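**Q** What follows is a single structure, and I will ask about it in a moment.
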Amino acid sequence: MATRLIDESAKGVYLIAATPFTEAGELDLASTDKMIDFTLAAGIDGLTILGVMGEASKLTTEESLVFARRVLDRVAGRVPVIVGASQPGNRPLAALAERAMALGAAGVMVAPLAGLKTEEQIAGYIAGVVKDLGEAVPVVLQDYPQLTGVFMSVALIDRLFGEHPSLKVLKHEDCPGLRKLSRLRASEAAGARRRISILVGNSALYLPQELRRGADGANTGIAFPEMLVEVCRRFFAGDAEGAEDLYDAYLPLVRHEQQPGIGLAIRKEILRRRGVIASATLRAPGARLDADDHRELDGLMARLERRLAELAHPSARVRSVG
């Protein structure tokens with residue numbers, strides 16, 4: 001099946017995938033297959049691998065490519081797969097991107113290099129990346145200043161997307177970012193640049209409000225992709241209140257997953273409990289849950305089950321996909 005490249009029409013849920021490891025910290029490719037089947041069954045519109053929440057920085061280049069090949073083979077063209085390609089240098093970034101695209105990726109995700117201070121530095125960096133990638137490679141530009149320390153203004157984002165047609169999607173996770181999202185859509189409507197896809201991150205903490213502000217969907221990772229899919233489906237079908245009602249049921253666990261330092265460990269443990277992956281292991285250095293953490297999670301998942309049963313939602317069974 002021919003690769004469907006991403007473009008400005010990207011919409012819905014492009015899930016950020018975890019990277020499963022065995023208890024010994026090795027790639028767990030059997031769990032990778034199961035995870036992909038689970039996310040596709042949830043109805044996602046696309047997938048992103050080797051992002052921050054995919055522990056990309058803890059993988060060797062060869063491990064990254066082994067994982068990417070396994071995911072792309074399992075997806076088999078059913079949805080677009082974006083590969084995180086950010087690297088400390090342009091040459092390894094371009095090399096990883098080239099190999100990922102050859103494997104069938106639909107595009108790559110790139111964030112500005114940490115430490116860039118001025119708009120001219122940022123613009124110069126992105127111009128260099130686009131040149132090294134080649135204009136045929138579609139790019140998701142990640143705006144995540146909480147991680148990179150690099151702030152991109154609305155004017156700069158308009159400039160970058162205006163100067164580089166290969167930039168197709170903005171992954172918006174500046175925070176607080178609702179006003180920025182509104183301003184991005186306003187400048188677009190005023191003719192500052194072409195319409196682009198804006199997908200939001202931050203573990204979907206603000207998804208209902210971001211959709212109302214003009215987001216096209218989510219490009220993030222949580223342990224309940226079916227919720228993201230249904231919230232977006234309801235919203236784009238004209239049922240914004242119904243979308244938010246469903247979101248509210250999951251919000252305590254969405255919030256719980258977002259805790260700095262331990263959030264990914266919680267997410268992986270939920271996926272393990274749901275039967276999606278065999279182990280919740282994070283590759284070192286990484287947090288592990290203690291007995292109190294597990295008891296809290298027991299309570300939160302039980303509350304979610306009760307709430308979903310009250311809503312008569314088809315995803316009421318949250319513990320297992322079996």
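Ordered as shown in the structure tokens, chains take letters A, B, and onward, while each chain numbers its residues from 1 and ligands are numbered from 1 in the order shown.
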Contacts between range 153-165 of chain A and range 17-118 of chain A, please, where a residue of range 17-118 of chain A counts if it comes within 12 Å (with only C-alpha atoms); show its shortest atom pair and distance in Å to one decimal, rows by chain and ascending number, as JSON lines.
**A**
{"residue": "A:Pro112", "atom": "CA", "partner": "A:Leu160", "partner_atom": "CA", "distance": 11.7}
{"residue": "A:Lys117", "atom": "CA", "partner": "A:Ser153", "partner_atom": "CA", "distance": 11.9}
{"residue": "A:Thr118", "atom": "CA", "partner": "A:Leu156", "partner_atom": "CA", "distance": 10.3}
**Q** Tell me, as number ranges by chain, which residues lie within 7 Å of range 201-212 of chain A, counting only C-alpha atoms; anything in the same chain fewer than 6 positions away does not count.
**A** A: 171-173, 178, 218-222, 244, 254-255, 258
**Q** Mind dumping the selected residues with all heavy atoms as a compact mmCIF listing (two decimals), in the first residue's frame?
**A**
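File part_24.txt, as written:
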# COMPACT_ATOMS: atom_id res chain seq x y z
N LYS A 171 2.23 21.20 15.80
CA LYS A 171 1.87 20.54 17.05
C LYS A 171 1.95 21.60 18.14
O LYS A 171 3.03 21.99 18.57
CB LYS A 171 2.79 19.37 17.37
CG LYS A 171 2.33 18.66 18.65
CD LYS A 171 3.18 17.50 19.04
CE LYS A 171 2.61 16.88 20.32
NZ LYS A 171 3.44 15.79 20.85
N HIS A 172 0.79 22.03 18.57
CA HIS A 172 0.70 23.16 19.50
C HIS A 172 0.60 22.65 20.93
O HIS A 172 -0.37 22.00 21.31
CB HIS A 172 -0.55 23.98 19.15
CG HIS A 172 -0.92 25.01 20.18
ND1 HIS A 172 -0.12 26.09 20.45
CD2 HIS A 172 -1.99 25.12 21.00
CE1 HIS A 172 -0.70 26.83 21.39
NE2 HIS A 172 -1.83 26.25 21.74
N GLU A 173 1.65 22.92 21.72
CA GLU A 173 1.57 22.59 23.14
C GLU A 173 2.26 23.63 23.99
O GLU A 173 2.78 23.33 25.07
CB GLU A 173 2.05 21.17 23.44
CG GLU A 173 3.28 20.69 22.75
CD GLU A 173 3.45 19.18 22.90
OE1 GLU A 173 2.83 18.56 23.78
OE2 GLU A 173 4.22 18.61 22.11
N LEU A 178 -4.19 28.80 24.93
CA LEU A 178 -5.48 28.97 24.27
C LEU A 178 -5.53 30.27 23.47
O LEU A 178 -6.01 30.29 22.33
CB LEU A 178 -6.61 28.93 25.30
CG LEU A 178 -6.82 27.56 25.96
CD1 LEU A 178 -7.85 27.66 27.07
CD2 LEU A 178 -7.25 26.52 24.94
N ALA A 218 -6.02 16.19 18.14
CA ALA A 218 -4.99 15.96 19.15
C ALA A 218 -3.82 15.19 18.56
O ALA A 218 -4.01 14.26 17.76
CB ALA A 218 -5.58 15.19 20.33
N ASN A 219 -2.62 15.57 18.96
CA ASN A 219 -1.40 14.83 18.65
C ASN A 219 -0.69 14.62 19.98
O ASN A 219 0.25 15.32 20.33
CB ASN A 219 -0.55 15.63 17.67
CG ASN A 219 0.71 14.89 17.21
OD1 ASN A 219 1.66 15.51 16.76
ND2 ASN A 219 0.73 13.58 17.33
N THR A 220 -1.22 13.67 20.73
CA THR A 220 -0.75 13.47 22.10
C THR A 220 -0.94 12.02 22.47
O THR A 220 -1.49 11.24 21.71
CB THR A 220 -1.51 14.42 23.06
OG1 THR A 220 -0.82 14.48 24.31
CG2 THR A 220 -2.94 13.97 23.29
N GLY A 221 -0.47 11.66 23.66
CA GLY A 221 -0.58 10.29 24.10
C GLY A 221 -1.21 10.19 25.47
O GLY A 221 -0.75 10.83 26.41
N ILE A 222 -2.28 9.43 25.57
CA ILE A 222 -2.82 9.04 26.86
C ILE A 222 -3.19 7.56 26.77
O ILE A 222 -3.18 6.98 25.68
CB ILE A 222 -4.06 9.88 27.29
CG1 ILE A 222 -5.24 9.64 26.35
CG2 ILE A 222 -3.71 11.36 27.34
CD1 ILE A 222 -6.52 10.25 26.86
N GLU A 244 -17.57 17.28 25.65
CA GLU A 244 -16.98 17.69 26.93
C GLU A 244 -17.52 16.84 28.08
O GLU A 244 -16.80 16.57 29.04
CB GLU A 244 -17.23 19.17 27.17
CG GLU A 244 -16.39 19.73 28.29
CD GLU A 244 -16.05 21.20 28.13
OE1 GLU A 244 -16.54 21.84 27.20
OE2 GLU A 244 -15.28 21.70 28.97
N VAL A 254 -6.70 11.68 33.13
CA VAL A 254 -5.88 12.48 32.21
C VAL A 254 -4.94 13.37 33.01
O VAL A 254 -3.74 13.46 32.73
CB VAL A 254 -6.77 13.32 31.28
CG1 VAL A 254 -5.94 14.30 30.47
CG2 VAL A 254 -7.57 12.41 30.34
N ARG A 255 -5.51 14.02 34.02
CA ARG A 255 -4.71 14.90 34.89
C ARG A 255 -3.64 14.10 35.63
O ARG A 255 -2.49 14.52 35.75
CB ARG A 255 -5.65 15.59 35.89
CG ARG A 255 -4.97 16.50 36.90
CD ARG A 255 -5.93 16.84 38.01
NE ARG A 255 -6.32 15.64 38.74
CZ ARG A 255 -7.46 15.50 39.44
NH1 ARG A 255 -8.34 16.48 39.47
NH2 ARG A 255 -7.72 14.38 40.09
N GLN A 258 -0.53 13.32 33.79
CA GLN A 258 0.27 14.47 33.39
C GLN A 258 1.29 14.88 34.44
O GLN A 258 2.04 15.83 34.24
CB GLN A 258 -0.67 15.65 33.07
CG GLN A 258 -0.02 16.92 32.58
CD GLN A 258 0.59 16.81 31.18
OE1 GLN A 258 0.69 15.74 30.64
NE2 GLN A 258 1.01 17.92 30.62
**Q** Go through A:Leu141, A:Leu311, A:Leu181, A:Ala24 and flag the residue nearest Asp216 in chain A, using only C-alpha atoms for the distances.
**A** A:Leu181
**Q** Enumerate as a ChimeraX atom specification all residues of range 239-307 of chain A assigned to helix (DSSP H, G or I) by DSSP on the backbone, naming them with the chain letters and numbers the document uses.
**A** /A:240-257,263-273,291-307
**Q** Please extract the residues of range 28-238 of chain A with a backbone DSSP assignment of strand (DSSP E) and present them as a ChimeraX atom specification.
**A** /A:46-49,81-84,107-110,139-143,167-172,197-200,217-218
**Q** Here is a test: counting only C-alpha atoms, which residue of A:Ala243, A:Ala127, A:Leu29, A:Ala249 is nearest to Ala302 in chain A?
**A**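 Of the candidates, the smallest distance to Ala302 in chain A is held by A:Ala249.
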**Q** With only C-alpha atoms as the atoms that count, which of A:Leu50, A:Leu304, A:Leu65, A:Ile277 lies nearest to Thr32 in chain A?
**A**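 Comparing A:Leu50, A:Leu304, A:Leu65, A:Ile277 against Thr32 in chain A, the winner is A:Ile277.
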**Q** So which residues touch Leu96 in chain A within 9 Å, counting only C-alpha atoms, skipping near sequence neighbours fewer than 3 positions away, as a VMD selection string?
**A** chain A and resid 61 64 to 65 85 to 87 91 to 93 99 to 101
**Q** Using only C-alpha atoms for the distances, tell me which of A:Ala136, A:Leu246, A:Val75, A:Ala18 is nearest to Ala312 in chain A.
**A**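 Counting only C-alpha atoms, the residue closest to Ala312 in chain A is A:Leu246.
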**Q** Would you kindly return, as a compact mmCIF listing (two decimals) with C-alpha atoms, in the first residue's frame, each protein, DNA or RNA residue with an atom no farther than 12 Å from any atom of Thr19 in chain A, considering only C-alpha atoms and excluding same-chain residues fewer than 6 positions away?
**A**
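Below you can see selection_17.txt, which holds the result:
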# COMPACT_ATOMS: atom_id res chain seq x y z
CA GLY A 25 14.67 -2.69 29.40
CA GLU A 26 14.89 -4.18 25.90
CA LEU A 27 12.52 -3.36 23.07
CA ASP A 28 9.35 -5.47 23.38
CA LEU A 29 8.28 -5.98 19.79
CA ALA A 30 5.47 -8.42 20.64
CA SER A 31 3.89 -5.75 22.85
CA THR A 32 4.51 -3.24 20.07
CA ASP A 33 2.32 -5.30 17.75
CA LYS A 34 -0.42 -5.53 20.37
CA MET A 35 -0.22 -1.81 21.11
CA ILE A 36 -0.60 -0.95 17.42
CA THR A 48 3.32 9.42 16.00
CA ILE A 49 6.27 7.37 17.23
CA LEU A 50 9.63 8.26 18.76
CA GLY A 51 8.33 11.37 20.45
CA VAL A 52 9.20 12.61 23.93
CA MET A 53 6.66 10.27 25.52
CA GLY A 54 8.03 7.47 23.36
CA GLU A 55 11.36 7.75 25.22
CA ALA A 56 13.09 8.46 21.91
CA SER A 57 16.15 9.94 23.62
CA LYS A 58 16.79 6.61 25.35
CA LEU A 59 16.99 4.63 22.11
CA GLU A 63 16.78 0.69 17.96
CA SER A 64 14.74 3.64 16.72
CA VAL A 66 13.94 -1.31 14.40
CA PHE A 67 10.97 0.07 16.30
CA ALA A 68 9.88 2.28 13.40
CA ARG A 70 7.97 -2.83 13.30
CA VAL A 71 5.31 -0.15 13.74
CA GLY A 221 -0.58 10.29 24.10
CA LEU A 264 4.70 8.21 31.68
CA ALA A 265 5.13 5.49 34.31
CA ARG A 267 0.42 5.81 31.51
CA LYS A 268 2.40 2.65 30.88
CA LEU A 271 -1.70 0.26 29.39
CA VAL A 276 -1.99 -3.57 25.86
CA ILE A 277 1.67 -4.05 26.85
CA ALA A 278 3.32 -6.74 28.94
CA SER A 279 5.42 -4.46 31.15
CA ALA A 280 5.17 -0.88 32.38
CA THR A 281 8.96 -0.56 32.42
CA LEU A 282 10.55 2.76 31.49
CA ARG A 283 14.09 2.59 30.22
**Q** What's the 9 Å shell around Ile266 in chain A, counting only C-alpha atoms, without same-chain residues fewer than 2 positions away, as a VMD selection string?
**A** chain A and resid 223 256 to 259 262 to 264 268 to 271 280 288 to 289 293 to 294 297
